[in-house]
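Everything below concerns the one structure shown next.
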Amino acid sequence: MTTPAAVVRTAADDLARFLAAARTADRALDREDLAAVDPRRLAATIPAGMDRDLLTATLLVYGDLVSRRAGLRVTVEPVFANDADNIRRGLANAAAAAARYPADRAALLRLARSKQPVTARHRLSRAAAEVAVRAEWIRLENMGCLGTGGVIPTTLADVRWEGASTRGERFAGRVRGVPFVATYAARTGWKAAVEAC
């Protein structure tokens with residue numbers, strides 16, 4: 001009688017929630033259902049505690065989806081109705097993000113399967129807040145100031161923290177030199193407010 005092989009956990013198990021949410025977002029964007037894709041809710045599914053290369057690959061997939069959603073906003077938001085240049089730019093950005101998403105997602109999955117499980121971090125840790133800060137920066141680069149996407153995060157934004165505390169419900173600092181405050185609420189998790197449009 002053959003003994004069943006032991007199931008070996010990898011970082012892919014820790015990313016399962018994000019990957020499922022990303023798949024749902026991708027399908028919604030295929031239907032141009034922008035209301036179904038909330039970048040902040042998607043970011044909330046990203047686990048804290050990943051090493052830099054896994055976090056970079058995860059945020060790249062997140063960035064593909066955010067850029068695509070930002071580009072498609074030109075088709076539904078009245079402010080763009082008579083703006084031919086922005087409509088053309090937004091649709092081009094959305095198409096480029098859609099084209100690269102499958103390969104970026106596959107690369108993330110391969111990398112995650114090669115990694116040990118993610119070391120869990122406390123929900124009030126600075127590491128958990130950092131995910132929200134980095135994701136919000138990506139969202140703002142693509143959607144802030146009526147942005148229409150096109151910013152793909154291939155590297156991690158520099159984050160500098162104020163103070164020495166590594167656990168709490170409020171952290172402040174700078175992301176790429178821009179001030180931010182990250183706050184935690186039990187119902188919604190971490191929210192980062194970056195002082196940019």
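Every chain in the structure tokens has a letter given in the order shown (A, B, ...), and although residue numbers restart at 1 in each chain, ligands are simply numbered from 1 in the order shown.
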
Which residues of stretch 15-39 of chain A have any atom within 8 Å of an atom in stretch 65-88 of chain A when counting only C-alpha atoms, and what is the closest pair of atoms for each, with the distance in Å to one decimal? Order the rows by chain and rising number and write it as CSV.
```
residue,atom,partner,partner_atom,distance
A:Ala22,CA,A:Leu65,CA,7.6
A:Ala25,CA,A:Leu65,CA,7.3
A:Asp26,CA,A:Leu65,CA,6.9
A:Leu29,CA,A:Arg69,CA,6.9
A:Glu32,CA,A:Leu72,CA,7.2
A:Leu34,CA,A:Arg69,CA,6.5
A:Val37,CA,A:Arg69,CA,7.5
A:Pro39,CA,A:Val66,CA,6.3
```

Give me every strand (DSSP E or B) residue in chain A, going by DSSP on the backbone, as a ChimeraX atom specification. /A:125,159-161,167,170-175,178-185,189-194

Skipping near chain neighbours, those fewer than 6 positions away, what residues fall within 6 Å of stretch 158-169 of chain A using only C-alpha atoms, listed as a list in words? Leu124, Ser125, Arg126, Val175, Arg176, Thr183 and Tyr184 of chain A

Deliver the residues from the most recent selection as a file, using all heavy atoms, as a tab-separated table (two decimals), in the first residue's frame.
```tsv
chain	number	residue	atom	x	y	z
A	124	LEU	N	-1.55	44.39	13.59
A	124	LEU	CA	-1.19	45.76	13.94
A	124	LEU	C	0.29	46.05	13.71
A	124	LEU	O	0.82	47.04	14.20
A	124	LEU	CB	-1.54	46.05	15.41
A	124	LEU	CG	-3.03	45.96	15.77
A	124	LEU	CD1	-3.24	46.30	17.23
A	124	LEU	CD2	-3.86	46.87	14.88
A	125	SER	N	0.96	45.19	12.97
A	125	SER	CA	2.38	45.38	12.72
A	125	SER	C	2.61	46.42	11.63
A	125	SER	O	1.74	46.68	10.79
A	125	SER	CB	3.03	44.06	12.29
A	125	SER	OG	2.56	43.66	11.02
A	126	ARG	N	3.80	47.00	11.64
A	126	ARG	CA	4.17	47.94	10.59
A	126	ARG	C	4.23	47.24	9.24
A	126	ARG	O	3.95	47.86	8.20
A	126	ARG	CB	5.51	48.59	10.94
A	126	ARG	CG	5.75	49.89	10.22
A	126	ARG	CD	6.79	50.73	10.91
A	126	ARG	NE	8.13	50.13	10.85
A	126	ARG	CZ	9.20	50.67	11.41
A	126	ARG	NH1	9.08	51.81	12.09
A	126	ARG	NH2	10.37	50.09	11.31
A	175	VAL	N	6.33	57.94	1.51
A	175	VAL	CA	6.49	56.99	0.43
A	175	VAL	C	6.95	57.78	-0.79
A	175	VAL	O	6.30	58.73	-1.20
A	175	VAL	CB	5.19	56.19	0.15
A	175	VAL	CG1	3.99	57.11	-0.08
A	175	VAL	CG2	5.39	55.25	-1.04
A	176	ARG	N	8.15	57.45	-1.29
A	176	ARG	CA	8.79	58.23	-2.35
A	176	ARG	C	8.81	59.71	-2.00
A	176	ARG	O	8.59	60.57	-2.86
A	176	ARG	CB	8.14	57.97	-3.70
A	176	ARG	CG	8.41	56.58	-4.22
A	176	ARG	CD	8.52	56.49	-5.71
A	176	ARG	NE	8.99	55.16	-6.08
A	176	ARG	CZ	8.50	54.43	-7.07
A	176	ARG	NH1	7.53	54.91	-7.80
A	176	ARG	NH2	9.01	53.24	-7.35
A	183	THR	N	-3.70	54.12	9.11
A	183	THR	CA	-4.48	53.87	10.32
A	183	THR	C	-5.22	52.54	10.20
A	183	THR	O	-5.59	52.11	9.09
A	183	THR	CB	-5.51	54.99	10.56
A	183	THR	OG1	-6.30	55.17	9.37
A	183	THR	CG2	-4.81	56.30	10.90
A	184	TYR	N	-5.42	51.91	11.35
A	184	TYR	CA	-6.07	50.59	11.38
A	184	TYR	C	-7.43	50.69	12.04
A	184	TYR	O	-7.59	51.34	13.08
A	184	TYR	CB	-5.20	49.59	12.15
A	184	TYR	CG	-5.83	48.22	12.24
A	184	TYR	CD1	-5.68	47.30	11.21
A	184	TYR	CD2	-6.58	47.85	13.35
A	184	TYR	CE1	-6.27	46.05	11.28
A	184	TYR	CE2	-7.16	46.59	13.43
A	184	TYR	CZ	-7.01	45.70	12.40
A	184	TYR	OH	-7.59	44.46	12.46
```

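Closest approach to A:Ile46 among A:Ala132, A:Ala99, A:Ala112, A:Val7 is made by A:Ala132 (distances from only C-alpha atoms).
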
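For the pair atom CA of A:Phe18 and atom CA of A:Thr45, the separation is 4.9 Å.
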
Between A:Ala92, A:Cys145, A:Ala196, A:Ala129, which residue has the minimum interatomic distance to A:Arg170, considering only C-alpha atoms?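 Comparing A:Ala92, A:Cys145, A:Ala196, A:Ala129 against A:Arg170, the winner is A:Ala129.
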
Measuring atom to atom with only C-alpha atoms, identify which of A:Glu130, A:Ala185, A:Val151, A:Pro117 is nearest to A:Gly173.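 Among A:Glu130, A:Ala185, A:Val151, A:Pro117, it is A:Glu130 that comes nearest to A:Gly173.
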
Apply DSSP to the structure's backbone, then extract all residues of chain A labelled alpha helix (DSSP H) and return them as a ChimeraX atom specification. /A:11-14,16-30,39-43,52-72,84-113,126-143

Go ahead and write the residues just picked, C-alpha atoms, as an mmCIF file, in the first residue's frame.
```
data_model
loop_
_atom_site.group_PDB
_atom_site.id
_atom_site.type_symbol
_atom_site.label_atom_id
_atom_site.label_comp_id
_atom_site.auth_asym_id
_atom_site.auth_seq_id
_atom_site.Cartn_x
_atom_site.Cartn_y
_atom_site.Cartn_z
ATOM 1 C CA ALA A 11 3.765 30.874 -0.140
ATOM 2 C CA ALA A 12 1.202 30.195 -2.875
ATOM 3 C CA ASP A 13 -1.175 28.993 -0.151
ATOM 4 C CA ASP A 14 -0.816 32.328 1.630
ATOM 5 C CA ALA A 16 -4.596 32.116 -2.464
ATOM 6 C CA ARG A 17 -7.021 34.799 -1.290
ATOM 7 C CA PHE A 18 -5.303 37.507 -3.317
ATOM 8 C CA LEU A 19 -5.024 35.332 -6.417
ATOM 9 C CA ALA A 20 -8.735 34.479 -6.227
ATOM 10 C CA ALA A 21 -9.643 38.151 -5.798
ATOM 11 C CA ALA A 22 -7.358 39.072 -8.703
ATOM 12 C CA ARG A 23 -9.032 36.473 -10.916
ATOM 13 C CA THR A 24 -12.450 37.883 -10.029
ATOM 14 C CA ALA A 25 -11.246 41.426 -10.780
ATOM 15 C CA ASP A 26 -9.762 40.351 -14.113
ATOM 16 C CA ARG A 27 -13.063 38.790 -15.170
ATOM 17 C CA ALA A 28 -14.997 41.872 -14.094
ATOM 18 C CA LEU A 29 -12.675 44.079 -16.142
ATOM 19 C CA ASP A 30 -13.209 41.787 -19.134
ATOM 20 C CA PRO A 39 -8.480 48.516 -5.653
ATOM 21 C CA ARG A 40 -8.461 49.030 -1.883
ATOM 22 C CA ARG A 41 -10.459 45.863 -1.251
ATOM 23 C CA LEU A 42 -8.166 43.968 -3.574
ATOM 24 C CA ALA A 43 -5.135 45.309 -1.703
ATOM 25 C CA ARG A 52 10.894 41.758 -1.238
ATOM 26 C CA ASP A 53 10.877 39.750 -4.447
ATOM 27 C CA LEU A 54 7.553 38.067 -3.659
ATOM 28 C CA LEU A 55 6.001 41.367 -2.582
ATOM 29 C CA THR A 56 7.280 43.015 -5.766
ATOM 30 C CA ALA A 57 5.746 40.271 -7.922
ATOM 31 C CA THR A 58 2.455 40.480 -6.022
ATOM 32 C CA LEU A 59 2.213 44.249 -6.342
ATOM 33 C CA LEU A 60 3.036 43.952 -10.037
ATOM 34 C CA VAL A 61 -0.073 41.819 -10.543
ATOM 35 C CA TYR A 62 -2.047 44.256 -8.391
ATOM 36 C CA GLY A 63 -0.660 47.131 -10.452
ATOM 37 C CA ASP A 64 -1.712 45.485 -13.729
ATOM 38 C CA LEU A 65 -5.297 45.359 -12.500
ATOM 39 C CA VAL A 66 -5.280 48.886 -11.081
ATOM 40 C CA SER A 67 -3.767 50.315 -14.269
ATOM 41 C CA ARG A 68 -6.349 48.503 -16.349
ATOM 42 C CA ARG A 69 -9.210 49.742 -14.205
ATOM 43 C CA ALA A 70 -7.833 53.286 -14.336
ATOM 44 C CA GLY A 71 -7.581 53.149 -18.106
ATOM 45 C CA LEU A 72 -11.129 51.879 -18.530
ATOM 46 C CA ALA A 84 -10.303 62.364 -26.992
ATOM 47 C CA ASP A 85 -6.638 62.348 -25.957
ATOM 48 C CA ASN A 86 -7.334 60.945 -22.514
ATOM 49 C CA ILE A 87 -9.801 58.404 -23.895
ATOM 50 C CA ARG A 88 -7.210 57.177 -26.378
ATOM 51 C CA ARG A 89 -4.495 57.115 -23.704
ATOM 52 C CA GLY A 90 -6.697 55.349 -21.164
ATOM 53 C CA LEU A 91 -7.797 52.622 -23.565
ATOM 54 C CA ALA A 92 -4.178 52.043 -24.637
ATOM 55 C CA ASN A 93 -3.077 51.784 -21.001
ATOM 56 C CA ALA A 94 -5.903 49.361 -20.215
ATOM 57 C CA ALA A 95 -5.015 47.177 -23.192
ATOM 58 C CA ALA A 96 -1.329 47.092 -22.259
ATOM 59 C CA ALA A 97 -2.120 46.108 -18.663
ATOM 60 C CA ALA A 98 -4.545 43.412 -19.807
ATOM 61 C CA ALA A 99 -1.919 41.999 -22.169
ATOM 62 C CA ARG A 100 0.768 41.660 -19.506
ATOM 63 C CA TYR A 101 -1.490 40.408 -16.686
ATOM 64 C CA PRO A 102 -1.560 36.669 -17.564
ATOM 65 C CA ALA A 103 2.243 36.377 -17.698
ATOM 66 C CA ASP A 104 2.707 38.445 -14.535
ATOM 67 C CA ARG A 105 0.160 36.323 -12.670
ATOM 68 C CA ALA A 106 1.761 33.091 -13.874
ATOM 69 C CA ALA A 107 5.200 34.356 -12.837
ATOM 70 C CA LEU A 108 3.879 35.256 -9.390
ATOM 71 C CA LEU A 109 2.379 31.811 -8.942
ATOM 72 C CA ARG A 110 5.628 30.101 -9.981
ATOM 73 C CA LEU A 111 7.628 32.244 -7.594
ATOM 74 C CA ALA A 112 5.177 31.722 -4.732
ATOM 75 C CA ARG A 113 5.278 27.939 -5.213
ATOM 76 C CA ARG A 126 4.168 47.942 10.593
ATOM 77 C CA ALA A 127 4.648 45.196 7.988
ATOM 78 C CA ALA A 128 0.871 44.950 7.636
ATOM 79 C CA ALA A 129 0.556 48.720 7.318
ATOM 80 C CA GLU A 130 3.310 48.739 4.710
ATOM 81 C CA VAL A 131 1.269 46.630 2.293
ATOM 82 C CA ALA A 132 -1.555 49.182 2.451
ATOM 83 C CA VAL A 133 0.867 52.078 1.943
ATOM 84 C CA ARG A 134 2.544 50.531 -1.092
ATOM 85 C CA ALA A 135 -0.772 49.514 -2.653
ATOM 86 C CA GLU A 136 -2.258 52.975 -2.113
ATOM 87 C CA TRP A 137 0.766 54.554 -3.782
ATOM 88 C CA ILE A 138 0.220 52.344 -6.832
ATOM 89 C CA ARG A 139 -3.472 53.255 -6.880
ATOM 90 C CA LEU A 140 -2.696 56.968 -6.713
ATOM 91 C CA GLU A 141 -0.029 56.789 -9.419
ATOM 92 C CA ASN A 142 -2.618 55.266 -11.737
ATOM 93 C CA MET A 143 -5.884 56.879 -10.628
#
```
